[in-house]
Amino acid sequence: MSTTTPVTEAAQVAQVPPPNRPPSATRRSGLGMLFVTPLAVVVTVVFLVPLGVLLFMSFTDWPLLGGPTVNGVENYAAIGENELFLGAIGFTLIYTVLTTIVIFGVSFLLVAVSNARRRGARFYRTAFFLPYVVGTASAALIWFASVNDQNGIANDVLLKLGLTDGPWGFLSTPGQALFTVLTLVVWKFIGFQVLVLLVGLQAIPGELYEAARMDGAGTWQRLRYITLPFLRPTLALLLILSVTGSLLAFDQFIVLTRGGPDNSTITVMFAVYNTAFQQFDLGKAAALSVVLLLALVVLNTVQFKFLRPKED
Amino acid sequence: MTVIRGRSRRVRSTGAALAALTAAGLLLSGCGSPGGGDAAADGDGVQLTMWVRHTDGEPVQKLVDLYNDSHDDQIKLTVIPGDSFQQKVGAAAGSRSLPDILGSDVVYSPNYVAQGIYRDITELADGLPFKETLSQAHQEAASKDGKVYGLPLLVDSSLIIYNKDLFTRAGLDPEAPPTSFDEIYQDAKAIRALGGDTYGFYFPGNSPGGLSYSIMPYAAAAGEPPLQEDGTKAAIDSDAMTATADLYKRLYDEDIVPSGAKTDDGTTWTASFNAGKIGILPVGTFNFGALNADPTFDWGVAPLPAPDGSASGTFVGGDVVGVTSASKHPEAAEEFLEWSLTDEPQIEIWAKNGFLTPRFDLADNEYTAKDPRLVKAVEGLKNGYTPATLPYGEIFNSPNGAWLAGLRGYIFDGDVDALSDAQRAIQATLDDAY
């Protein structure tokens with residue numbers, strides 16, 4: 001959703017009807033409604049209806065096997081006792097902050113490498129982007145097999161390099177498990193980040209840099225006064241995507257760590273899944289989802305407020 | 001510039017609208033197609049659908065193949081990974097798209113019976129001439145209020161498998177497997193003394209189901225099963241369970257168990273043993289097939305002992321099969337169930353492929369009799385224990401449940417209160433369910 005906002009704003013500007021021609025505008029809006037109908041149907045079927053069902057579910061006692069019985073706000077009241085969910089909030093926030101920082105840091109480096117006009121820059125771009133086309137679950141399975149203590153290739157590599165004298169235990173402690181997930185996430189998602197940043201960079205007119213250089217601006221000044229301001233919308237978009245994506249992280253955890261070791265890597269989505277499909281309590285899971293949805297709406301609103309370009 | 005941008009936007013939105021229409025069409029047609037059961041088969045027979053959880057060696061596929069070759073009715077089998085079995089069945093039950101025939105882990109069947117997923121097949125079951133010799137644990141798990149809802153499909157049981165070659169090399173008697181916790185410790189220690197990457201003992205320390213299967217029988221043999229009184233009372237911090245956790249902790253702390261045990265979620269449970277690097281492995285009959293297929297060393301079996309060695313036990317696991325209440329061809333489905341218990345499939349599919357026969361009157365068949373280890377496993381079944389309770393999956397099979405947390409806390413983190421914490425949490429879940 002968030003990604004479309006800049007486009008929508010631009011569209012609004014472009015679609016201001018020319019003055020003095022109100023009849024035509026009315027006719028066109030009728031036609032417009034017609035064009036919008038298919039999308040409206042899709043949005044209703046795949047978004048609004050499920051949302052309604054979700055809201056209804058959250059007010060019922062609904063075991064996975066069996067029918068619903070309405071139980072008021074009991075599910076919401078029970079959230080305070082759900083230790084798995086409460087614990088997951090802290091972990092998810094830590095994970096989100098770490099992932100965002102690491103991905104931004106690494107992607108700046110990679111952009112520097114692949115934006116340069118030297119031989120092989122294209123090769124690097126392709127190489128960075130390739131992992132992005134692998135599904136998260138498949139990527140997590142690759143990692144799962146690679147870091148196995150008994151027959152994983154990652155341990156073999158560490159052994160051959162002399163960095164460890166036994167299996168390193170990629171998933172054996174909470175810290176190591178988090179580290180392993182981070183390596184996966186960086187490998188998997190960095191390509192998209194690099195690509196978007198490159199597009200943003202290359203959209204900055206070269207004349208600006210030339211002019212700045214003529215005026216005697218140094219590297220740091222060019223970065224501070226040209227590159228960063230022009231990249232601002234791109235960075236804002238990436239930040240929102242990264243934060244929202246990390247807060248909803250699930251696939252990599254269910255496949256790679258299964259919430260372990262000792263329930264130390266359970267994200268909020270994982271807790272919702274667990275409530276629905278391990279404890280078979282759809283009502284409580286729906287209530288958690290509603291709370292999560294509200295939290296995300298608030299968070300994204302705040303982010304938009306801070307990241308919107310300043311009106312000069 | 002503006003014109004071009006405007007046009008390109010219009011083109012794009014037309015494309016999007018088309019894509020949306022296509023997607024809506026797909027959605028609508030997708031909603032209409034049922035989970036199965038009513039497709040007409042070629043020929044006179046009906047087309048049946050069947051789901052079963054994954055078992056190594058895919059024995060049920062072989063069973064279904066034999067049935068399809070010899071009958072007009074055809075069965076389409078879907079094998080579901082054990083991890084996602086409950087979710088898939090739950091979702092299908094909610095959307096009324098269950099298959100005609102559903103094979104389920106025996107520990108889940110009490111819940112499925114209680115939820116009305118299975119049809120009443122009491123008449124069929126009572127008419128079977130060999131009813132008395134069918135696996136008792138399976139029959140109990142699939143019955144409610146005197147009515148029968150399922151029949152045994154697959155039987156496996158947990159036991160100790162040990163590497164006779166390593167026993168000999170360590171100076172132990174290869175014909176004297178350990179019969180108490182002291183002996184397990186001493187033997188495993190002696191084998192670890194061989195050094196290198198040879199270890200004495202192994203267990204999948206992050207696999208809740210694997211640990212239930214291989215640990216519960218110790219406690220059951222000692223007369224303190226972890227689930228008591230029809231699954232309404234838990235006994236996780238009993239003396240026997242504590243003794244078990246102590247043994248595992250000691251074996252792990254003293255490096256007699258490879259460090260990888262801590263993270264093994266069951267994926268590599270048998271890998272090291274089957275590679276000849278482990279002395280003693282509590283596992284199940286399901287591993288016989290793999291060991292027999294590629295025998296590189298001599299191995300034997302022993303029952304799981306009570307801590308003091310006074311008795312022995314086994315976890316009788318496996319699968320129950322029944323006709324679902326959603327089936328449109330219940331008679332045809334019942335016919336398959338009845339056929340599956342006849343001599344030919346029991347002997348030519350189960351026994352021949354190294355599985356136990358759910359019909360114990362066939363236990364001394366030609367294939368089983370050839371392998372003394374299978375005979376021993378069959379004998380052990382009389383001390384069998386099958387834990388059953390409604391929220392079994394949530395407590396004992398969930399990687400995020402209290403059972404695994406308690407054992408791991410005690411064994412790996414040295415938290416002496418971990419088992420009593422688990423006892424409290426599990427009892428609370430049971431109280432909620434009953």
# chains A, B, ... in the order shown; residues from 1 in each chain; ligands from 1
>>> closest_atom_pairs(of="region 232-340 of chain B", to="region 397-400 of chain B", cutoff="12 Å", atoms="only C-alpha atoms", output="CSV")
residue,atom,partner,partner_atom,distance
B:Thr263,CA,B:Pro399,CA,11.6
B:Asp264,CA,B:Pro399,CA,11.5
B:Asp265,CA,B:Pro399,CA,8.4
B:Gly266,CA,B:Pro399,CA,11.0
>>> write_last_selection(atoms="all heavy atoms", output="compact mmCIF listing (two decimals), in the first residue's frame")
# COMPACT_ATOMS: atom_id res chain seq x y z
N THR B 263 20.42 -28.75 18.73
CA THR B 263 19.62 -28.04 17.72
C THR B 263 18.85 -28.99 16.81
O THR B 263 18.13 -28.54 15.93
CB THR B 263 20.52 -27.16 16.83
OG1 THR B 263 21.61 -27.95 16.38
CG2 THR B 263 21.01 -25.96 17.58
N ASP B 264 18.98 -30.29 17.00
CA ASP B 264 18.35 -31.23 16.07
C ASP B 264 16.84 -31.26 16.29
O ASP B 264 16.36 -31.67 17.34
CB ASP B 264 18.95 -32.63 16.27
CG ASP B 264 18.47 -33.60 15.20
OD1 ASP B 264 17.56 -33.23 14.44
OD2 ASP B 264 19.00 -34.72 15.14
N ASP B 265 16.10 -30.84 15.27
CA ASP B 265 14.64 -30.85 15.39
C ASP B 265 14.07 -32.17 14.86
O ASP B 265 12.90 -32.25 14.53
CB ASP B 265 14.04 -29.68 14.63
CG ASP B 265 14.37 -29.73 13.17
OD1 ASP B 265 15.12 -30.64 12.75
OD2 ASP B 265 13.90 -28.87 12.41
N GLY B 266 14.90 -33.18 14.76
CA GLY B 266 14.45 -34.48 14.29
C GLY B 266 14.91 -34.76 12.87
O GLY B 266 14.89 -35.91 12.43
>>> closest_atom_pairs(of="chain A", to="chain B", cutoff="10 Å", atoms="only C-alpha atoms", output="tab-separated table")
residue	atom	partner	partner_atom	distance
A:Ala11	CA	B:Arg9	CA	9.4
A:Ala14	CA	B:Gly6	CA	8.6
A:Phe35	CA	B:Ala17	CA	7.7
A:Val36	CA	B:Ala17	CA	8.0
A:Thr37	CA	B:Ala17	CA	9.0
A:Pro38	CA	B:Leu21	CA	6.1
A:Leu39	CA	B:Ala20	CA	6.2
A:Ala40	CA	B:Ala20	CA	9.6
A:Val41	CA	B:Ala24	CA	8.0
A:Val42	CA	B:Ala24	CA	6.2
A:Val43	CA	B:Ala20	CA	9.5
A:Val45	CA	B:Ala24	CA	8.3
A:Val46	CA	B:Ala24	CA	9.0
A:Pro63	CA	B:Gly90	CA	9.1
A:Leu64	CA	B:Gly90	CA	5.5
A:Leu65	CA	B:Gly90	CA	5.5
A:Gly66	CA	B:Gln115	CA	6.7
A:Gly67	CA	B:Gly94	CA	8.1
A:Leu84	CA	B:Asn400	CA	9.0
A:Ala145	CA	B:Thr267	CA	9.8
A:Asn148	CA	B:Gly260	CA	8.2
A:Asp149	CA	B:Gly260	CA	5.2
A:Gln150	CA	B:Gly260	CA	6.5
A:Asn151	CA	B:Thr268	CA	8.8
A:Gly166	CA	B:Ser259	CA	8.8
A:Pro167	CA	B:Gly260	CA	7.3
A:Trp168	CA	B:Gly260	CA	9.2
A:Gly169	CA	B:Gly260	CA	7.1
A:Phe170	CA	B:Thr263	CA	8.9
A:Leu171	CA	B:Thr263	CA	6.5
A:Ser172	CA	B:Thr263	CA	5.6
A:Thr173	CA	B:Thr263	CA	9.0
A:Thr257	CA	B:Thr263	CA	9.4
A:Arg258	CA	B:Pro399	CA	6.8
A:Gly259	CA	B:Asn400	CA	6.8
A:Gly260	CA	B:Asn400	CA	7.5
A:Pro261	CA	B:Thr263	CA	7.5
A:Asp262	CA	B:Ala405	CA	6.0
A:Asn263	CA	B:Asn400	CA	5.9
A:Ser264	CA	B:Asn400	CA	9.7
A:Ile266	CA	B:Asn400	CA	9.0
A:Ala271	CA	B:Asn400	CA	9.7
A:Asn274	CA	B:Asn400	CA	8.1
A:Thr275	CA	B:Glu394	CA	9.6
A:Ala276	CA	B:Gln87	CA	8.8
A:Phe277	CA	B:Gln87	CA	5.7
A:Gln278	CA	B:Glu394	CA	5.4
A:Gln279	CA	B:Glu394	CA	5.4
A:Phe280	CA	B:Glu394	CA	8.2
>>> select_by_dssp(residues="region 63-117 of chain B", states="helix (DSSP H, G or I)", output="PDB file with all heavy atoms, in the first residue's frame")
ATOM      1  N   LEU B  63       0.767 -49.188  -0.495  1.00  0.00           N
ATOM      2  CA  LEU B  63      -0.515 -49.822  -0.187  1.00  0.00           C
ATOM      3  C   LEU B  63      -1.575 -49.381  -1.191  1.00  0.00           C
ATOM      4  O   LEU B  63      -2.303 -50.205  -1.760  1.00  0.00           O
ATOM      5  CB  LEU B  63      -0.942 -49.433   1.234  1.00  0.00           C
ATOM      6  CG  LEU B  63      -2.265 -50.004   1.725  1.00  0.00           C
ATOM      7  CD1 LEU B  63      -2.072 -51.455   2.144  1.00  0.00           C
ATOM      8  CD2 LEU B  63      -2.805 -49.208   2.906  1.00  0.00           C
ATOM      9  N   VAL B  64      -1.635 -48.071  -1.431  1.00  0.00           N
ATOM     10  CA  VAL B  64      -2.643 -47.532  -2.337  1.00  0.00           C
ATOM     11  C   VAL B  64      -2.392 -48.016  -3.767  1.00  0.00           C
ATOM     12  O   VAL B  64      -3.333 -48.348  -4.501  1.00  0.00           O
ATOM     13  CB  VAL B  64      -2.656 -45.988  -2.256  1.00  0.00           C
ATOM     14  CG1 VAL B  64      -3.430 -45.388  -3.407  1.00  0.00           C
ATOM     15  CG2 VAL B  64      -3.245 -45.550  -0.930  1.00  0.00           C
ATOM     16  N   ASP B  65      -1.124 -48.095  -4.160  1.00  0.00           N
ATOM     17  CA  ASP B  65      -0.800 -48.601  -5.498  1.00  0.00           C
ATOM     18  C   ASP B  65      -1.334 -50.014  -5.687  1.00  0.00           C
ATOM     19  O   ASP B  65      -1.911 -50.346  -6.728  1.00  0.00           O
ATOM     20  CB  ASP B  65       0.714 -48.584  -5.728  1.00  0.00           C
ATOM     21  CG  ASP B  65       1.237 -47.172  -5.906  1.00  0.00           C
ATOM     22  OD1 ASP B  65       0.398 -46.265  -6.117  1.00  0.00           O
ATOM     23  OD2 ASP B  65       2.463 -46.973  -5.826  1.00  0.00           O
ATOM     24  N   LEU B  66      -1.137 -50.845  -4.678  1.00  0.00           N
ATOM     25  CA  LEU B  66      -1.612 -52.228  -4.759  1.00  0.00           C
ATOM     26  C   LEU B  66      -3.134 -52.252  -4.895  1.00  0.00           C
ATOM     27  O   LEU B  66      -3.696 -53.035  -5.668  1.00  0.00           O
ATOM     28  CB  LEU B  66      -1.170 -53.013  -3.509  1.00  0.00           C
ATOM     29  CG  LEU B  66      -1.575 -54.492  -3.476  1.00  0.00           C
ATOM     30  CD1 LEU B  66      -0.909 -55.262  -4.603  1.00  0.00           C
ATOM     31  CD2 LEU B  66      -1.208 -55.131  -2.137  1.00  0.00           C
ATOM     32  N   TYR B  67      -3.799 -51.374  -4.133  1.00  0.00           N
ATOM     33  CA  TYR B  67      -5.261 -51.318  -4.182  1.00  0.00           C
ATOM     34  C   TYR B  67      -5.735 -50.876  -5.563  1.00  0.00           C
ATOM     35  O   TYR B  67      -6.627 -51.490  -6.151  1.00  0.00           O
ATOM     36  CB  TYR B  67      -5.787 -50.350  -3.118  1.00  0.00           C
ATOM     37  CG  TYR B  67      -7.289 -50.376  -2.957  1.00  0.00           C
ATOM     38  CD1 TYR B  67      -7.900 -51.403  -2.240  1.00  0.00           C
ATOM     39  CD2 TYR B  67      -8.094 -49.384  -3.505  1.00  0.00           C
ATOM     40  CE1 TYR B  67      -9.275 -51.446  -2.093  1.00  0.00           C
ATOM     41  CE2 TYR B  67      -9.469 -49.413  -3.359  1.00  0.00           C
ATOM     42  CZ  TYR B  67     -10.059 -50.438  -2.647  1.00  0.00           C
ATOM     43  OH  TYR B  67     -11.416 -50.479  -2.493  1.00  0.00           O
ATOM     44  N   ASN B  68      -5.112 -49.842  -6.097  1.00  0.00           N
ATOM     45  CA  ASN B  68      -5.524 -49.318  -7.401  1.00  0.00           C
ATOM     46  C   ASN B  68      -5.322 -50.349  -8.509  1.00  0.00           C
ATOM     47  O   ASN B  68      -6.096 -50.410  -9.462  1.00  0.00           O
ATOM     48  CB  ASN B  68      -4.751 -48.037  -7.728  1.00  0.00           C
ATOM     49  CG  ASN B  68      -5.235 -46.864  -6.890  1.00  0.00           C
ATOM     50  OD1 ASN B  68      -6.305 -46.930  -6.281  1.00  0.00           O
ATOM     51  ND2 ASN B  68      -4.445 -45.812  -6.849  1.00  0.00           N
ATOM     52  N   ASP B  69      -4.255 -51.165  -8.379  1.00  0.00           N
ATOM     53  CA  ASP B  69      -3.976 -52.176  -9.400  1.00  0.00           C
ATOM     54  C   ASP B  69      -5.012 -53.285  -9.390  1.00  0.00           C
ATOM     55  O   ASP B  69      -5.241 -53.944 -10.393  1.00  0.00           O
ATOM     56  CB  ASP B  69      -2.587 -52.790  -9.168  1.00  0.00           C
ATOM     57  CG  ASP B  69      -1.500 -51.813  -9.565  1.00  0.00           C
ATOM     58  OD1 ASP B  69      -1.839 -50.822 -10.248  1.00  0.00           O
ATOM     59  OD2 ASP B  69      -0.338 -52.021  -9.186  1.00  0.00           O
ATOM     60  N   SER B  70      -5.625 -53.532  -8.239  1.00  0.00           N
ATOM     61  CA  SER B  70      -6.488 -54.700  -8.124  1.00  0.00           C
ATOM     62  C   SER B  70      -7.966 -54.342  -7.977  1.00  0.00           C
ATOM     63  O   SER B  70      -8.787 -55.228  -7.783  1.00  0.00           O
ATOM     64  CB  SER B  70      -6.026 -55.550  -6.935  1.00  0.00           C
ATOM     65  OG  SER B  70      -5.985 -54.753  -5.765  1.00  0.00           O
ATOM     66  N   GLY B  82       4.492 -34.068   8.171  1.00  0.00           N
ATOM     67  CA  GLY B  82       3.993 -34.141   9.544  1.00  0.00           C
ATOM     68  C   GLY B  82       3.817 -32.781  10.199  1.00  0.00           C
ATOM     69  O   GLY B  82       2.856 -32.553  10.934  1.00  0.00           O
ATOM     70  N   ASP B  83       4.724 -31.843   9.888  1.00  0.00           N
ATOM     71  CA  ASP B  83       4.678 -30.518  10.504  1.00  0.00           C
ATOM     72  C   ASP B  83       3.376 -29.777  10.234  1.00  0.00           C
ATOM     73  O   ASP B  83       2.895 -29.028  11.058  1.00  0.00           O
ATOM     74  CB  ASP B  83       5.813 -29.647   9.944  1.00  0.00           C
ATOM     75  CG  ASP B  83       7.111 -29.956  10.624  1.00  0.00           C
ATOM     76  OD1 ASP B  83       7.069 -30.725  11.599  1.00  0.00           O
ATOM     77  OD2 ASP B  83       8.146 -29.451  10.173  1.00  0.00           O
ATOM     78  N   SER B  84       2.850 -29.936   9.022  1.00  0.00           N
ATOM     79  CA  SER B  84       1.703 -29.109   8.651  1.00  0.00           C
ATOM     80  C   SER B  84       0.413 -29.912   8.602  1.00  0.00           C
ATOM     81  O   SER B  84      -0.590 -29.445   8.086  1.00  0.00           O
ATOM     82  CB  SER B  84       1.970 -28.434   7.307  1.00  0.00           C
ATOM     83  OG  SER B  84       2.439 -29.367   6.376  1.00  0.00           O
ATOM     84  N   PHE B  85       0.461 -31.138   9.137  1.00  0.00           N
ATOM     85  CA  PHE B  85      -0.708 -32.010   9.030  1.00  0.00           C
ATOM     86  C   PHE B  85      -1.931 -31.441   9.748  1.00  0.00           C
ATOM     87  O   PHE B  85      -3.012 -31.351   9.181  1.00  0.00           O
ATOM     88  CB  PHE B  85      -0.355 -33.391   9.593  1.00  0.00           C
ATOM     89  CG  PHE B  85      -1.444 -34.398   9.407  1.00  0.00           C
ATOM     90  CD1 PHE B  85      -1.593 -35.058   8.205  1.00  0.00           C
ATOM     91  CD2 PHE B  85      -2.342 -34.678  10.420  1.00  0.00           C
ATOM     92  CE1 PHE B  85      -2.603 -35.976   8.009  1.00  0.00           C
ATOM     93  CE2 PHE B  85      -3.365 -35.597  10.240  1.00  0.00           C
ATOM     94  CZ  PHE B  85      -3.491 -36.248   9.030  1.00  0.00           C
ATOM     95  N   GLN B  86      -1.735 -31.055  10.997  1.00  0.00           N
ATOM     96  CA  GLN B  86      -2.878 -30.574  11.786  1.00  0.00           C
ATOM     97  C   GLN B  86      -3.506 -29.323  11.179  1.00  0.00           C
ATOM     98  O   GLN B  86      -4.731 -29.188  11.145  1.00  0.00           O
ATOM     99  CB  GLN B  86      -2.425 -30.256  13.213  1.00  0.00           C
ATOM    100  CG  GLN B  86      -2.024 -31.470  13.993  1.00  0.00           C
ATOM    101  CD  GLN B  86      -2.572 -31.391  15.405  1.00  0.00           C
ATOM    102  OE1 GLN B  86      -3.739 -31.629  15.633  1.00  0.00           O
ATOM    103  NE2 GLN B  86      -1.727 -31.035  16.350  1.00  0.00           N
ATOM    104  N   GLN B  87      -2.662 -28.389  10.713  1.00  0.00           N
ATOM    105  CA  GLN B  87      -3.176 -27.168  10.119  1.00  0.00           C
ATOM    106  C   GLN B  87      -4.015 -27.488   8.901  1.00  0.00           C
ATOM    107  O   GLN B  87      -5.084 -26.940   8.690  1.00  0.00           O
ATOM    108  CB  GLN B  87      -2.034 -26.235   9.694  1.00  0.00           C
ATOM    109  CG  GLN B  87      -1.199 -25.680  10.811  1.00  0.00           C
ATOM    110  CD  GLN B  87      -0.055 -26.596  11.166  1.00  0.00           C
ATOM    111  OE1 GLN B  87      -0.268 -27.725  11.586  1.00  0.00           O
ATOM    112  NE2 GLN B  87       1.167 -26.111  11.012  1.00  0.00           N
ATOM    113  N   LYS B  88      -3.491 -28.403   8.065  1.00  0.00           N
ATOM    114  CA  LYS B  88      -4.161 -28.716   6.802  1.00  0.00           C
ATOM    115  C   LYS B  88      -5.516 -29.380   7.089  1.00  0.00           C
ATOM    116  O   LYS B  88      -6.523 -29.033   6.465  1.00  0.00           O
ATOM    117  CB  LYS B  88      -3.257 -29.630   5.977  1.00  0.00           C
ATOM    118  CG  LYS B  88      -3.899 -30.038   4.684  1.00  0.00           C
ATOM    119  CD  LYS B  88      -2.929 -29.994   3.523  1.00  0.00           C
ATOM    120  CE  LYS B  88      -3.592 -30.585   2.309  1.00  0.00           C
ATOM    121  NZ  LYS B  88      -3.446 -29.869   1.098  1.00  0.00           N
ATOM    122  N   VAL B  89      -5.528 -30.324   8.015  1.00  0.00           N
ATOM    123  CA  VAL B  89      -6.779 -31.007   8.333  1.00  0.00           C
ATOM    124  C   VAL B  89      -7.767 -30.010   8.940  1.00  0.00           C
ATOM    125  O   VAL B  89      -8.950 -29.995   8.590  1.00  0.00           O
ATOM    126  CB  VAL B  89      -6.528 -32.189   9.286  1.00  0.00           C
ATOM    127  CG1 VAL B  89      -7.847 -32.758   9.783  1.00  0.00           C
ATOM    128  CG2 VAL B  89      -5.712 -33.261   8.589  1.00  0.00           C
ATOM    129  N   GLY B  90      -7.283 -29.163   9.839  1.00  0.00           N
ATOM    130  CA  GLY B  90      -8.164 -28.190  10.475  1.00  0.00           C
ATOM    131  C   GLY B  90      -8.799 -27.260   9.453  1.00  0.00           C
ATOM    132  O   GLY B  90     -10.006 -27.028   9.462  1.00  0.00           O
ATOM    133  N   ALA B  91      -7.950 -26.751   8.537  1.00  0.00           N
ATOM    134  CA  ALA B  91      -8.467 -25.829   7.528  1.00  0.00           C
ATOM    135  C   ALA B  91      -9.460 -26.535   6.612  1.00  0.00           C
ATOM    136  O   ALA B  91     -10.500 -25.982   6.260  1.00  0.00           O
ATOM    137  CB  ALA B  91      -7.308 -25.254   6.714  1.00  0.00           C
ATOM    138  N   ALA B  92      -9.144 -27.787   6.244  1.00  0.00           N
ATOM    139  CA  ALA B  92     -10.032 -28.533   5.346  1.00  0.00           C
ATOM    140  C   ALA B  92     -11.357 -28.841   6.036  1.00  0.00           C
ATOM    141  O   ALA B  92     -12.420 -28.789   5.419  1.00  0.00           O
ATOM    142  CB  ALA B  92      -9.361 -29.823   4.888  1.00  0.00           C
ATOM    143  N   ALA B  93     -11.300 -29.141   7.331  1.00  0.00           N
ATOM    144  CA  ALA B  93     -12.531 -29.432   8.057  1.00  0.00           C
ATOM    145  C   ALA B  93     -13.405 -28.181   8.085  1.00  0.00           C
ATOM    146  O   ALA B  93     -14.624 -28.262   7.919  1.00  0.00           O
ATOM    147  CB  ALA B  93     -12.215 -29.906   9.469  1.00  0.00           C
ATOM    148  N   GLY B  94     -12.761 -27.017   8.260  1.00  0.00           N
ATOM    149  CA  GLY B  94     -13.513 -25.771   8.298  1.00  0.00           C
ATOM    150  C   GLY B  94     -14.185 -25.462   6.972  1.00  0.00           C
ATOM    151  O   GLY B  94     -15.294 -24.944   6.927  1.00  0.00           O
ATOM    152  N   SER B 109      -5.845 -38.657  16.871  1.00  0.00           N
ATOM    153  CA  SER B 109      -7.168 -39.185  16.546  1.00  0.00           C
ATOM    154  C   SER B 109      -8.222 -38.952  17.638  1.00  0.00           C
ATOM    155  O   SER B 109      -9.381 -38.728  17.292  1.00  0.00           O
ATOM    156  CB  SER B 109      -7.088 -40.649  16.126  1.00  0.00           C
ATOM    157  OG  SER B 109      -6.375 -41.395  17.040  1.00  0.00           O
ATOM    158  N   PRO B 110      -7.878 -38.975  18.954  1.00  0.00           N
ATOM    159  CA  PRO B 110      -8.948 -38.685  19.924  1.00  0.00           C
ATOM    160  C   PRO B 110      -9.594 -37.328  19.673  1.00  0.00           C
ATOM    161  O   PRO B 110     -10.817 -37.186  19.752  1.00  0.00           O
ATOM    162  CB  PRO B 110      -8.217 -38.691  21.275  1.00  0.00           C
ATOM    163  CG  PRO B 110      -7.000 -39.508  21.059  1.00  0.00           C
ATOM    164  CD  PRO B 110      -6.606 -39.291  19.633  1.00  0.00           C
ATOM    165  N   ASN B 111      -8.770 -36.355  19.322  1.00  0.00           N
ATOM    166  CA  ASN B 111      -9.296 -35.014  19.051  1.00  0.00           C
ATOM    167  C   ASN B 111     -10.178 -35.015  17.804  1.00  0.00           C
ATOM    168  O   ASN B 111     -11.263 -34.442  17.793  1.00  0.00           O
ATOM    169  CB  ASN B 111      -8.126 -34.036  18.895  1.00  0.00           C
ATOM    170  CG  ASN B 111      -8.578 -32.589  18.926  1.00  0.00           C
ATOM    171  OD1 ASN B 111      -9.656 -32.286  19.428  1.00  0.00           O
ATOM    172  ND2 ASN B 111      -7.766 -31.709  18.378  1.00  0.00           N
ATOM    173  N   TYR B 112      -9.718 -35.677  16.742  1.00  0.00           N
ATOM    174  CA  TYR B 112     -10.502 -35.711  15.503  1.00  0.00           C
ATOM    175  C   TYR B 112     -11.820 -36.434  15.717  1.00  0.00           C
ATOM    176  O   TYR B 112     -12.854 -36.038  15.167  1.00  0.00           O
ATOM    177  CB  TYR B 112      -9.691 -36.377  14.383  1.00  0.00           C
ATOM    178  CG  TYR B 112      -8.508 -35.558  13.934  1.00  0.00           C
ATOM    179  CD1 TYR B 112      -7.474 -36.110  13.204  1.00  0.00           C
ATOM    180  CD2 TYR B 112      -8.430 -34.198  14.242  1.00  0.00           C
ATOM    181  CE1 TYR B 112      -6.392 -35.358  12.789  1.00  0.00           C
ATOM    182  CE2 TYR B 112      -7.354 -33.441  13.837  1.00  0.00           C
ATOM    183  CZ  TYR B 112      -6.333 -34.020  13.112  1.00  0.00           C
ATOM    184  OH  TYR B 112      -5.257 -33.269  12.709  1.00  0.00           O
ATOM    185  N   VAL B 113     -11.792 -37.514  16.511  1.00  0.00           N
ATOM    186  CA  VAL B 113     -13.027 -38.239  16.802  1.00  0.00           C
ATOM    187  C   VAL B 113     -13.977 -37.318  17.571  1.00  0.00           C
ATOM    188  O   VAL B 113     -15.155 -37.195  17.237  1.00  0.00           O
ATOM    189  CB  VAL B 113     -12.722 -39.521  17.608  1.00  0.00           C
ATOM    190  CG1 VAL B 113     -14.017 -40.132  18.135  1.00  0.00           C
ATOM    191  CG2 VAL B 113     -11.973 -40.520  16.748  1.00  0.00           C
ATOM    192  N   ALA B 114     -13.435 -36.636  18.578  1.00  0.00           N
ATOM    193  CA  ALA B 114     -14.271 -35.746  19.391  1.00  0.00           C
ATOM    194  C   ALA B 114     -14.870 -34.621  18.551  1.00  0.00           C
ATOM    195  O   ALA B 114     -15.963 -34.147  18.825  1.00  0.00           O
ATOM    196  CB  ALA B 114     -13.445 -35.172  20.538  1.00  0.00           C
TER     197      ALA B 114
END
>>> closest_residue(among="A:Ala211, A:Leu159, A:Ala88, A:Val181", to="Leu247 (chain A)", atoms="only C-alpha atoms")
A:Ala88
>>> residues_around(residues="region 305-308 of chain A", least_positions_apart="6", cutoff="10 Å", atoms="only C-alpha atoms", output="PyMOL selection string")
chain A and resi 6+232-233+235-237+239-240+299
>>> atom_distance(atom1="CA of Asp197 (chain B)", atom2="CA of Ile153 (chain A)")
17.3 Å
>>> closest_atom_pairs(of="region 153-266 of chain B", to="region 373-379 of chain B", cutoff="9 Å", atoms="only C-alpha atoms", output="JSON lines")
{"residue": "B:Asp156", "atom": "CA", "partner": "B:Ala377", "partner_atom": "CA", "distance": 8.9}
{"residue": "B:Ser157", "atom": "CA", "partner": "B:Ala377", "partner_atom": "CA", "distance": 7.2}
{"residue": "B:Ser158", "atom": "CA", "partner": "B:Ala377", "partner_atom": "CA", "distance": 8.4}
{"residue": "B:Leu159", "atom": "CA", "partner": "B:Ala377", "partner_atom": "CA", "distance": 7.6}
>>> select_by_dssp(residues="region 115-336 of chain B", states="strand (DSSP E or B)", output="PyMOL selection string")
chain B and resi 118+134+143-144+147-148+151-163+199-201+227-228+233-234+278-284+299-302+304-305+312-324
>>> closest_residue(among="B:Ile349, B:Glu366, B:Asp105, B:Leu211", to="Pro282 (chain B)", atoms="only C-alpha atoms")
B:Leu211
>>> residues_around(residues="Ala137 (chain B)", least_positions_apart="3", cutoff="8 Å", atoms="only C-alpha atoms", output="PyMOL selection string")
chain B and resi 140-141+316+384-386
